[in-house]
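Chemist: Next comes the structure file my_file-v8.cif, holding mmCIF, C-alpha atoms.
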data_query
#
loop_
_atom_site.label_atom_id
_atom_site.label_comp_id
_atom_site.auth_asym_id
_atom_site.auth_seq_id
_atom_site.Cartn_x
_atom_site.Cartn_y
_atom_site.Cartn_z
CA MET F 152 -15.94 -14.07 -74.54
CA LYS F 153 -15.64 -10.35 -73.90
CA SER F 154 -18.26 -10.44 -71.20
CA LEU F 155 -16.43 -13.28 -69.47
CA PHE F 156 -13.36 -11.01 -69.23
CA TRP F 157 -15.45 -8.29 -67.63
CA MET F 158 -16.65 -10.74 -65.10
CA LEU F 159 -13.22 -12.17 -64.27
CA LEU F 160 -11.39 -8.84 -63.91
CA PRO F 161 -13.10 -7.71 -60.73
CA LEU F 162 -12.91 -11.28 -59.40
CA SER F 163 -9.12 -11.35 -59.65
CA LEU F 164 -8.87 -7.92 -58.01
CA VAL F 165 -11.04 -9.13 -55.16
CA GLY F 166 -8.88 -12.24 -54.87
CA CYS F 167 -5.72 -10.13 -54.46
CA ALA F 168 -7.13 -7.72 -51.96
CA SER F 169 -8.87 -10.38 -49.94
CA GLN F 170 -5.59 -12.16 -49.25
CA GLU F 171 -4.79 -9.32 -46.86
CA ALA F 172 -8.38 -9.12 -45.65
CA SER F 173 -8.62 -12.82 -44.89
CA GLU F 174 -5.43 -12.61 -42.87
CA ALA F 175 -6.87 -9.72 -40.88
CA LEU F 176 -10.04 -11.73 -40.44
CA ALA F 177 -8.12 -14.74 -39.16
CA ARG F 178 -6.23 -12.56 -36.65
CA ALA F 179 -9.44 -10.96 -35.45
CA GLU F 180 -11.11 -14.35 -35.04
CA ALA F 181 -8.16 -15.58 -32.97
CA ALA F 182 -8.19 -12.41 -30.84
CA TYR F 183 -11.93 -12.61 -30.24
CA LEU F 184 -11.68 -16.31 -29.44
CA SER F 185 -9.07 -15.61 -26.78
CA VAL F 186 -11.32 -13.20 -24.88
CA LYS F 187 -14.89 -14.30 -25.47
CA ASP F 188 -14.84 -17.21 -23.02
CA ASP F 189 -12.40 -15.73 -20.52
CA SER F 190 -14.46 -15.03 -17.42
CA ASP F 191 -11.92 -12.49 -16.12
CA VAL F 192 -12.11 -10.49 -19.34
CA LEU F 193 -15.90 -10.74 -19.45
CA ARG F 194 -16.03 -9.35 -15.95
CA ALA F 195 -13.50 -6.56 -16.51
CA ALA F 196 -14.47 -5.37 -20.00
CA PRO F 197 -17.79 -6.89 -21.11
CA LYS F 198 -18.62 -4.07 -23.53
CA ASP F 199 -15.35 -4.33 -25.41
CA VAL F 200 -15.82 -8.08 -25.81
CA VAL F 201 -19.31 -7.52 -27.21
CA ARG F 202 -18.01 -4.87 -29.62
CA SER F 203 -15.19 -7.15 -30.70
CA GLY F 204 -17.77 -9.82 -31.51
CA GLU F 205 -20.04 -7.35 -33.35
CA SER F 206 -17.18 -6.00 -35.47
CA LEU F 207 -16.05 -9.52 -36.26
CA GLY F 208 -19.60 -10.39 -37.35
CA ARG F 209 -19.62 -7.40 -39.64
CA ALA F 210 -16.24 -8.34 -41.11
CA GLU F 211 -17.49 -11.88 -41.73
CA ARG F 212 -20.65 -10.59 -43.45
CA PHE F 213 -18.63 -8.28 -45.72
CA ALA F 214 -16.39 -11.23 -46.56
CA GLY F 215 -19.43 -12.76 -48.28
CA TYR F 216 -19.62 -9.91 -50.83
CA TRP F 217 -17.38 -9.19 -53.78
CA GLY F 218 -15.35 -6.02 -53.69
CA SER F 219 -15.59 -5.32 -49.98
CA ALA F 220 -12.08 -6.44 -48.93
CA ASP F 221 -11.39 -3.02 -47.44
CA ASP F 222 -14.44 -3.30 -45.21
CA VAL F 223 -13.51 -6.82 -44.19
CA ALA F 224 -10.00 -5.67 -43.24
CA HIS F 225 -11.40 -2.60 -41.47
CA TYR F 226 -13.92 -4.39 -39.28
CA ALA F 227 -11.46 -7.20 -38.61
CA TYR F 228 -9.01 -4.53 -37.45
CA LEU F 229 -11.62 -2.96 -35.15
CA SER F 230 -12.55 -6.38 -33.78
CA GLU F 231 -8.94 -7.23 -33.01
CA ARG F 232 -8.43 -3.84 -31.34
CA TYR F 233 -11.52 -4.26 -29.16
CA ALA F 234 -10.24 -7.67 -28.07
CA GLN F 235 -6.83 -6.18 -27.28
CA ILE F 236 -8.40 -3.32 -25.33
CA ALA F 237 -10.53 -5.81 -23.38
CA ARG F 238 -7.42 -7.83 -22.53
CA GLU F 239 -5.52 -4.72 -21.48
CA HIS F 240 -8.38 -3.57 -19.23
CA THR F 241 -8.45 -7.00 -17.64
CA ASP F 242 -4.73 -6.79 -16.90
CA LEU F 243 -5.30 -3.33 -15.43
CA VAL F 244 -8.12 -4.50 -13.16
CA GLU F 245 -6.02 -7.44 -11.99
CA GLY F 246 -3.08 -5.11 -11.41
CA GLN F 247 -5.23 -2.79 -9.32
CA ALA F 248 -6.48 -5.67 -7.19
CA ARG F 249 -2.89 -6.75 -6.68
CA GLN F 250 -1.89 -3.21 -5.77
CA THR F 251 -4.59 -3.14 -3.12
CA ARG F 252 -3.33 -6.40 -1.63
CA LEU F 253 0.28 -5.23 -1.71
CA THR F 254 -0.62 -1.86 -0.17
CA MET F 255 -2.32 -3.65 2.70
CA GLU F 256 0.67 -5.89 3.18
CA ARG F 257 3.02 -2.91 3.11
CA ASP F 258 0.97 -1.10 5.75
CA ARG F 259 0.87 -4.20 7.90
CA LEU F 260 4.64 -4.59 7.66
CA ARG F 261 5.16 -0.89 8.43
CA LEU F 262 3.14 -1.26 11.62
CA ALA F 263 4.98 -4.42 12.55
CA LEU F 264 8.31 -2.67 11.99
CA GLN F 265 7.25 0.30 14.11
CA GLU F 266 6.17 -2.03 16.88
CA ALA F 267 9.37 -4.01 16.65
CA ARG F 268 11.42 -0.82 16.86
CA LEU F 269 9.43 0.45 19.85
CA LEU F 270 9.81 -2.89 21.54
CA THR F 271 13.52 -2.85 20.95
CA ALA F 272 13.80 0.67 22.33
CA GLU F 273 11.82 -0.39 25.35
CA GLN F 274 13.97 -3.44 25.83
CA GLN F 275 17.05 -1.27 25.55
CA GLY F 276 15.55 1.15 28.06
CA ARG F 277 14.74 -1.70 30.38
CA TRP F 278 18.25 -2.99 30.17
CA LEU F 279 19.63 0.49 30.92
CA GLU F 280 17.24 0.99 33.81
CA ASP F 281 18.21 -2.40 35.14
CA GLN F 282 21.83 -1.36 35.03
CA MET F 283 21.07 1.93 36.77
CA MET F 284 19.00 0.30 39.46
CA ALA F 285 21.66 -2.33 39.96
CA LEU F 286 24.13 0.47 40.57
CA ALA F 287 21.82 2.26 43.01
CA ALA F 288 20.62 -0.87 44.76
CA THR F 289 22.45 -3.56 46.66
CA GLU F 290 21.91 -7.25 46.42
CA THR F 291 21.07 -8.54 49.95
CA ASP F 292 19.61 -11.71 51.40
CA ARG F 293 16.22 -9.93 51.17
CA GLY F 294 16.73 -9.37 47.43
CA LEU F 295 17.62 -6.15 45.68
CA VAL F 296 17.47 -3.22 48.10
CA MET F 297 17.72 0.50 47.35
CA THR F 298 18.39 2.85 50.23
CA LEU F 299 16.96 6.37 50.38
CA GLY F 300 19.10 8.29 52.82
CA ASP F 301 18.07 10.70 55.58
CA VAL F 302 19.00 13.70 53.42
CA LEU F 303 15.98 12.97 51.19
CA PHE F 304 13.70 13.99 54.07
CA GLN F 305 13.39 17.25 55.92
CA ALA F 306 14.84 17.01 59.42
CA GLY F 307 12.58 15.21 61.87
CA SER F 308 9.70 15.14 59.38
CA ALA F 309 8.10 12.77 56.90
CA GLN F 310 8.21 15.48 54.23
CA LEU F 311 10.29 14.49 51.21
CA SER F 312 12.87 17.09 50.25
CA PRO F 313 13.08 18.23 46.60
CA SER F 314 16.39 16.42 46.23
CA ALA F 315 14.46 13.12 46.46
CA ASN F 316 12.71 13.75 43.16
CA ARG F 317 15.50 12.54 40.95
CA THR F 318 15.96 9.23 42.68
CA LEU F 319 12.22 8.60 43.00
CA LEU F 320 11.54 9.50 39.34
CA ARG F 321 14.13 6.96 38.32
CA LEU F 322 12.34 4.46 40.55
CA VAL F 323 9.03 5.28 38.81
CA ARG F 324 10.59 4.67 35.39
CA PHE F 325 12.04 1.40 36.54
CA LEU F 326 8.68 0.25 37.92
CA ASN F 327 6.91 1.33 34.70
CA LEU F 328 9.33 -0.67 32.62
CA ASN F 329 9.05 -3.67 34.94
CA PRO F 330 5.30 -3.85 35.48
CA LYS F 331 5.43 -7.20 37.25
CA ARG F 332 7.84 -6.13 39.95
CA THR F 333 6.43 -5.13 43.34
CA ILE F 334 8.19 -3.35 46.20
CA ARG F 335 8.15 -3.17 49.94
CA ILE F 336 8.90 0.28 51.32
CA GLU F 337 10.47 0.03 54.76
CA GLY F 338 11.04 2.97 57.12
CA TYR F 339 13.78 3.02 59.79
CA SER F 340 14.87 5.52 62.43
CA ASP F 341 17.67 6.03 64.97
CA ASN F 342 17.18 5.37 68.65
CA ARG F 343 16.92 8.93 69.95
CA GLY F 344 13.62 9.95 71.52
CA GLN F 345 10.63 7.71 72.16
CA ALA F 346 10.46 4.40 70.40
CA ALA F 347 6.75 4.82 69.55
CA GLN F 348 7.38 8.20 67.90
CA ASN F 349 10.33 6.78 66.02
CA LEU F 350 8.18 3.91 64.78
CA GLU F 351 5.48 6.35 63.66
CA LEU F 352 7.96 8.61 61.88
CA SER F 353 9.60 5.67 60.10
CA ARG F 354 6.18 4.46 58.88
CA LEU F 355 5.16 7.97 57.78
CA ARG F 356 8.36 8.37 55.79
CA ALA F 357 7.82 5.04 54.05
CA GLN F 358 4.22 6.09 53.36
CA ALA F 359 5.44 9.41 51.92
CA VAL F 360 7.51 7.50 49.38
CA ALA F 361 4.56 5.26 48.51
CA ASP F 362 2.32 8.31 48.05
CA PHE F 363 4.87 9.95 45.82
CA LEU F 364 5.04 6.85 43.62
CA ALA F 365 1.26 6.46 43.56
CA ASP F 366 0.88 10.10 42.50
CA LEU F 367 3.04 9.28 39.49
CA GLY F 368 0.91 6.34 38.49
CA ILE F 369 2.36 3.34 40.26
CA ASP F 370 -0.46 1.06 41.36
CA PRO F 371 -0.58 1.10 45.22
CA ALA F 372 -1.31 -2.62 45.06
CA ARG F 373 2.29 -3.11 43.98
CA MET F 374 3.60 -1.46 47.17
CA ILE F 375 3.73 -2.66 50.75
CA VAL F 376 4.50 0.01 53.36
CA GLN F 377 6.10 -0.94 56.64
CA GLY F 378 7.65 1.02 59.54
CA TYR F 379 10.37 -0.62 61.65
CA GLY F 380 11.36 2.31 63.89
CA GLU F 381 14.61 1.71 65.76
CA GLN F 382 14.91 -1.94 64.72
CA TYR F 383 17.55 -3.24 62.34
CA PRO F 384 20.04 -0.35 62.55
CA LEU F 385 22.66 -0.33 59.84
CA THR F 386 25.36 0.82 62.23
CA GLU F 387 25.96 2.06 65.80
CA ASN F 388 23.71 4.88 67.01
CA ALA F 389 26.63 6.25 69.05
CA SER F 390 27.75 8.97 66.63
CA ALA F 391 25.73 11.59 64.76
CA ARG F 392 26.97 10.10 61.54
CA GLY F 393 25.90 6.59 62.53
CA ARG F 394 22.45 7.84 63.53
CA ALA F 395 22.05 9.65 60.20
CA GLN F 396 22.84 6.42 58.41
CA ASN F 397 20.24 4.57 60.43
CA ARG F 398 17.52 7.09 59.55
CA ARG F 399 16.57 5.78 56.14
CA VAL F 400 13.91 4.31 53.86
CA GLU F 401 14.73 1.05 52.15
CA ILE F 402 13.02 -0.18 49.03
CA VAL F 403 13.06 -3.94 48.63
CA PHE F 404 12.36 -5.16 45.09
CA SER F 405 10.61 -8.36 44.20
CA ASP F 406 12.04 -10.60 41.52
CA ALA F 407 10.88 -10.12 37.92
CA GLN F 408 7.82 -12.30 38.56
CA GLY F 409 6.64 -10.12 41.46
CA THR F 410 7.66 -12.40 44.35
CA LEU F 411 8.89 -10.39 47.33
CA ALA F 412 11.14 -11.78 50.03
CA PRO F 413 9.12 -12.13 53.26
CA SER F 414 9.19 -9.11 55.52
CA ARG F 415 11.42 -9.06 58.56
CA MET Q 145 -22.37 -1.82 -75.76
CA ASN Q 146 -24.57 -4.77 -75.03
CA HIS Q 147 -27.27 -4.96 -72.44
CA ARG Q 148 -25.12 -6.64 -69.77
CA ASN Q 149 -22.35 -4.07 -69.97
CA ALA Q 150 -24.85 -1.26 -69.60
CA LEU Q 151 -26.17 -2.84 -66.43
CA PHE Q 152 -22.64 -3.21 -65.07
CA LEU Q 153 -21.81 0.46 -65.72
CA LEU Q 154 -25.05 1.54 -64.10
CA THR Q 155 -24.20 -0.46 -60.97
CA ALA Q 156 -20.69 0.96 -60.91
CA CYS Q 157 -22.05 4.51 -61.15
CA THR Q 158 -24.49 3.85 -58.33
CA LEU Q 159 -21.64 2.57 -56.17
CA LEU Q 160 -19.50 5.62 -56.95
CA VAL Q 161 -22.36 7.94 -56.07
CA ALA Q 162 -22.86 6.09 -52.82
CA CYS Q 163 -19.19 6.61 -51.98
CA ALA Q 164 -19.26 10.27 -52.87
CA THR Q 165 -22.29 10.95 -50.72
CA ASP Q 166 -20.67 9.57 -47.53
CA PRO Q 167 -20.99 12.44 -45.05
CA VAL Q 168 -17.91 14.10 -43.56
CA PRO Q 169 -17.21 12.04 -40.40
CA ASP Q 170 -17.12 15.04 -38.06
CA GLU Q 171 -18.55 13.17 -35.09
CA GLN Q 172 -16.14 10.27 -35.51
CA LEU Q 173 -13.19 12.65 -35.83
CA ARG Q 174 -14.30 14.39 -32.63
CA LEU Q 175 -14.44 11.04 -30.79
CA THR Q 176 -11.03 10.13 -32.17
CA ARG Q 177 -9.41 13.39 -31.06
CA GLN Q 178 -11.01 12.94 -27.65
CA ALA Q 179 -9.56 9.43 -27.34
CA ILE Q 180 -6.10 10.74 -28.30
CA GLU Q 181 -6.38 13.55 -25.75
CA GLN Q 182 -7.35 11.05 -23.10
CA ALA Q 183 -4.37 8.84 -23.90
CA GLU Q 184 -2.14 11.91 -23.66
CA ALA Q 185 -3.78 12.96 -20.39
CA VAL Q 186 -2.75 9.70 -18.69
CA GLY Q 187 0.83 10.25 -19.83
CA GLY Q 188 0.91 8.64 -23.27
CA THR Q 189 3.61 9.83 -25.69
CA ASP Q 190 4.64 8.94 -29.22
CA GLU Q 191 6.82 6.24 -27.67
CA VAL Q 192 3.61 4.27 -27.29
CA ALA Q 193 3.35 2.79 -30.80
CA GLU Q 194 -0.46 2.74 -30.80
CA LEU Q 195 -0.66 6.44 -29.95
CA ALA Q 196 1.75 7.38 -32.73
CA LEU Q 197 -0.37 5.24 -35.05
CA ALA Q 198 -3.54 6.98 -33.90
CA ARG Q 199 -2.08 10.43 -34.58
CA ASN Q 200 -0.80 9.33 -37.96
CA LYS Q 201 -4.16 7.89 -39.02
CA THR Q 202 -6.01 10.97 -37.75
CA ALA Q 203 -3.80 13.16 -39.93
CA GLN Q 204 -4.49 10.85 -42.87
CA ALA Q 205 -8.22 10.99 -42.13
CA GLU Q 206 -8.15 14.79 -42.10
CA ALA Q 207 -6.28 14.74 -45.43
CA ALA Q 208 -8.90 12.35 -46.82
CA VAL Q 209 -11.67 14.77 -45.81
CA GLN Q 210 -9.81 17.49 -47.76
CA ASP Q 211 -9.68 15.14 -50.74
CA GLY Q 212 -13.39 14.50 -50.43
CA ASP Q 213 -12.85 10.80 -49.64
CA ASN Q 214 -15.19 10.71 -46.67
CA LYS Q 215 -15.45 6.96 -46.42
CA ARG Q 216 -11.69 6.56 -46.17
CA ALA Q 217 -11.67 9.37 -43.62
CA ARG Q 218 -14.27 7.58 -41.52
CA LEU Q 219 -12.49 4.22 -41.60
CA LEU Q 220 -9.16 5.79 -40.65
CA ALA Q 221 -10.75 7.81 -37.86
CA GLU Q 222 -12.53 4.75 -36.47
CA GLN Q 223 -9.30 2.79 -36.42
CA ALA Q 224 -7.41 5.74 -34.90
CA GLU Q 225 -9.97 5.96 -32.08
CA LEU Q 226 -9.37 2.35 -31.09
CA ASP Q 227 -5.60 2.75 -31.50
CA ALA Q 228 -5.76 5.64 -29.05
CA ARG Q 229 -7.96 3.73 -26.62
CA LEU Q 230 -5.58 0.79 -26.69
CA ALA Q 231 -2.67 3.20 -26.15
CA GLU Q 232 -4.43 4.68 -23.12
CA ALA Q 233 -5.09 1.25 -21.64
CA LYS Q 234 -1.47 0.22 -22.21
CA VAL Q 235 -0.15 3.37 -20.52
CA LEU Q 236 -2.40 2.73 -17.51
CA THR Q 237 -1.37 -0.90 -17.28
CA GLN Q 238 2.28 0.03 -17.52
CA LYS Q 239 1.89 2.58 -14.73
CA SER Q 240 0.12 0.01 -12.61
CA ASP Q 241 2.95 -2.47 -13.26
CA GLU Q 242 5.48 0.14 -12.17
CA GLN Q 243 3.54 0.81 -8.96
CA ILE Q 244 3.37 -2.91 -8.27
CA ALA Q 245 7.12 -3.19 -8.77
CA GLU Q 246 7.69 -0.26 -6.39
CA LEU Q 247 5.38 -1.77 -3.75
CA THR Q 248 7.12 -5.11 -4.09
CA ARG Q 249 10.50 -3.41 -3.55
CA ARG Q 250 9.23 -1.61 -0.47
CA ILE Q 251 7.75 -4.76 0.98
CA ALA Q 252 11.04 -6.60 0.46
CA ARG Q 253 12.89 -3.77 2.24
CA LEU Q 254 10.43 -3.76 5.15
CA ARG Q 255 10.76 -7.52 5.48
CA GLN Q 256 14.52 -7.22 5.53
CA GLN Q 257 14.43 -4.50 8.19
CA LEU Q 258 12.08 -6.60 10.29
CA GLY Q 259 14.39 -9.57 9.89
CA ASP Q 260 17.37 -7.48 10.99
CA LEU Q 261 15.57 -6.50 14.20
CA GLN Q 262 14.58 -10.01 15.17
#
Have the structure of the file written as structure tokens, please.

Modeler:
Amino acid sequence: MKSLFWMLLPLSLVGCASQEASEALARAEAAYLSVKDDSDVLRAAPKDVVRSGESLGRAERFAGYWGSADDVAHYAYLSERYAQIAREHTDLVEGQARQTRLTMERDRLRLALQEARLLTAEQQGRWLEDQMMALAATETDRGLVMTLGDVLFQAGSAQLSPSANRTLLRLVRFLNLNPKRTIRIEGYSDNRGQAAQNLELSRLRAQAVADFLADLGIDPARMIVQGYGEQYPLTENASARGRAQNRRVEIVFSDAQGTLAPSR
Amino acid sequence: MNHRNALFLLTACTLLVACATDPVPDEQLRLTRQAIEQAEAVGGTDEVAELALARNKTAQAEAAVQDGDNKRARLLAEQAELDARLAEAKVLTQKSDEQIAELTRRIARLRQQLGDLQ
């Protein structure tokens, strides 16, 4: 009878303690179960899954012995922790992959925004240039025409004077912003002196403008140069003032698609 | 004392001796402290429950070594190491989540700005 008591005492102690231990064991089993077949977890944290399984195995083996409730609880705890760590690492790896995708998307959007802003600035610039050219040029039956007056050339020569720079630079900007537009550069003179010389001078002046534009990067293929000499005067050649008005270079613009009105 | 009781006492003594001869878990304590330091290095504080737990158990393990209870010290230190490792992983995941939230905000703003332009 006495020996039976000695045998039952430790048994009841084990029974008490193992209540806690078996709960820990159940939690660990559930935690391990949730990671052991998850391919994402196995890829992200294979070692932690293996350790979770090993610790769980140890806890289960201890559960078969009397008096080892502490060890059962301990290894169950470790197993559950390993499973939690494995899960956390998996979340981290997934988060990093997502960050990479989002970073790429952000960079792509940044570029797109920059381009959109540039485009808008360019469109604004184009609109402004259009306005400026519209002010400087006149709408005629030959299309839009801009007149470069006699004062932009040195007297009796095809040499452009420095005061022409401003007007011609504006023309360059306009042509850069409107890459499809082409121009015809037409030279005119008054009727003093020989007609052949006047024709030559008018052509040379028109050519001087074309050269200036080409130097600044306008494709010569977009320009047609033509000298008209004494033809098509704007006004009477009777007065000095009238003659000055007739000595000129006219720039005829094509439409936006590059179609020029036929030459005279 | 009958024969059976003698055998039981002998077994109990053997078990006690086995407990007493557990070595001081110096190596495990070193690993545990290292894991705690690592969790701290990535920005973990006591606000992370697992890190507070790890520190607490490490202190208990050190006390157990003082008391000569080396087995208890080892178990506590082993648990504390994993507590700290879990804490570290949680801190990293949380940071990653914050970065994702920030990126998502930025992307939404960029999209809106693009929409405003078009």

Chemist: List every protein, DNA or RNA residue that has an atom no more than 9 Å from (3.5, -2.0, -7.7) in the file's coordinate frame, counting all atoms listed in the file, and report them as a ChimeraX atom specification.

Modeler: /F:246-247,249-250,253-254 /Q:239-249

Chemist: Limited to C-alpha atoms, could you put the picked residues into a file as a PDB file, keeping the file's coordinate frame?

Modeler:
ATOM      1  CA  GLY F 246      -3.080  -5.110 -11.410  1.00  0.00           C
ATOM      2  CA  GLN F 247      -5.230  -2.790  -9.320  1.00  0.00           C
ATOM      3  CA  ARG F 249      -2.890  -6.750  -6.680  1.00  0.00           C
ATOM      4  CA  GLN F 250      -1.890  -3.210  -5.770  1.00  0.00           C
ATOM      5  CA  LEU F 253       0.280  -5.230  -1.710  1.00  0.00           C
ATOM      6  CA  THR F 254      -0.620  -1.860  -0.170  1.00  0.00           C
TER       7      THR F 254
ATOM      8  CA  LYS Q 239       1.890   2.580 -14.730  1.00  0.00           C
ATOM      9  CA  SER Q 240       0.120   0.010 -12.610  1.00  0.00           C
ATOM     10  CA  ASP Q 241       2.950  -2.470 -13.260  1.00  0.00           C
ATOM     11  CA  GLU Q 242       5.480   0.140 -12.170  1.00  0.00           C
ATOM     12  CA  GLN Q 243       3.540   0.810  -8.960  1.00  0.00           C
ATOM     13  CA  ILE Q 244       3.370  -2.910  -8.270  1.00  0.00           C
ATOM     14  CA  ALA Q 245       7.120  -3.190  -8.770  1.00  0.00           C
ATOM     15  CA  GLU Q 246       7.690  -0.260  -6.390  1.00  0.00           C
ATOM     16  CA  LEU Q 247       5.380  -1.770  -3.750  1.00  0.00           C
ATOM     17  CA  THR Q 248       7.120  -5.110  -4.090  1.00  0.00           C
ATOM     18  CA  ARG Q 249      10.500  -3.410  -3.550  1.00  0.00           C
TER      19      ARG Q 249
END

Chemist: Could you tell me, as an mmCIF file with C-alpha atoms, in the frame of the given file, exactly which residues end up selected when the PyMOL selection byres ((chain F) within 8 of (chain Q)) is applied to this structure?

Modeler:
data_model
loop_
_atom_site.group_PDB
_atom_site.id
_atom_site.type_symbol
_atom_site.label_atom_id
_atom_site.label_comp_id
_atom_site.auth_asym_id
_atom_site.auth_seq_id
_atom_site.Cartn_x
_atom_site.Cartn_y
_atom_site.Cartn_z
ATOM 1 C CA SER F 154 -18.260 -10.440 -71.200
ATOM 2 C CA HIS F 225 -11.400 -2.600 -41.470
ATOM 3 C CA TYR F 228 -9.010 -4.530 -37.450
ATOM 4 C CA LEU F 229 -11.620 -2.960 -35.150
ATOM 5 C CA ARG F 232 -8.430 -3.840 -31.340
ATOM 6 C CA TYR F 233 -11.520 -4.260 -29.160
ATOM 7 C CA GLN F 235 -6.830 -6.180 -27.280
ATOM 8 C CA ILE F 236 -8.400 -3.320 -25.330
ATOM 9 C CA GLU F 239 -5.520 -4.720 -21.480
ATOM 10 C CA HIS F 240 -8.380 -3.570 -19.230
ATOM 11 C CA ASP F 242 -4.730 -6.790 -16.900
ATOM 12 C CA LEU F 243 -5.300 -3.330 -15.430
ATOM 13 C CA GLY F 246 -3.080 -5.110 -11.410
ATOM 14 C CA GLN F 247 -5.230 -2.790 -9.320
ATOM 15 C CA ARG F 249 -2.890 -6.750 -6.680
ATOM 16 C CA GLN F 250 -1.890 -3.210 -5.770
ATOM 17 C CA LEU F 253 0.280 -5.230 -1.710
ATOM 18 C CA THR F 254 -0.620 -1.860 -0.170
ATOM 19 C CA GLU F 256 0.670 -5.890 3.180
ATOM 20 C CA ARG F 257 3.020 -2.910 3.110
ATOM 21 C CA LEU F 260 4.640 -4.590 7.660
ATOM 22 C CA ARG F 261 5.160 -0.890 8.430
ATOM 23 C CA ALA F 263 4.980 -4.420 12.550
ATOM 24 C CA LEU F 264 8.310 -2.670 11.990
ATOM 25 C CA ALA F 267 9.370 -4.010 16.650
ATOM 26 C CA ARG F 268 11.420 -0.820 16.860
ATOM 27 C CA THR F 271 13.520 -2.850 20.950
#

Chemist: Could you pull the residues within 8 Å of region 301-314 of chain F, counting only C-alpha atoms, minus those fewer than 3 positions along the same chain, as a list in words?

Modeler: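 Here the answer would be Arg317, Leu352, Ser353, Leu355, Arg356, Ala359, Val360, Ala395, Gln396, Arg398, Arg399 and Val400 of chain F.
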
Chemist: Would you work out the distance separating CA of Gly208 (chain F) from CA of Glu171 (chain F), expressed in Å to one decimal?

Modeler: 17.6 Å

Chemist: Report, in Å with one decimal, the straight-line distance from CA of Arg415 (chain F) to CA of Arg392 (chain F).

Modeler: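 CA of Arg392 (chain F) lies at a distance of 24.9 Å from CA of Arg415 (chain F).
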
Chemist: Calculate how many Å separate CA of Phe404 (chain F) from CA of Arg335 (chain F), rounding to one decimal.

Modeler: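 A separation of 6.7 Å between them.
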
Chemist: As a check of understanding, name the residues that the PyMOL selection byres ((chain F and resi 192) around 10) selects in the supplied structure, as a list in words.

Modeler: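 This file gives the following for the PyMOL selection byres ((chain F and resi 192) around 10): Ser185, Val186, Lys187, Asp188, Asp189, Ser190, Asp191, Leu193, Arg194, Ala195, Ala196, Pro197, Asp199, Val200, Ala234, Ala237, Arg238, Glu239, His240, Thr241, Asp242 and Val244 of chain F.
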
Chemist: So what does the PyMOL selection byres ((chain F and resi 337) around 7) actually pick up in this one, as a PyMOL selection string?

Modeler: chain F and resi 335-336+338-339+357+376-379+400-402

Chemist: Excluding Ala196 (chain Q) and residues on its chain fewer than 5 positions from it, collect all residues at most 10 Å away from it, counting all atoms listed in the file, and give them as a list of chain:residue names.

Modeler: Q:Ile180, Q:Gly188, Q:Thr189, Q:Asp190, Q:Glu191, Q:Lys201, Q:Thr202, Q:Ala224, Q:Asp227, Q:Ala228, Q:Ala231
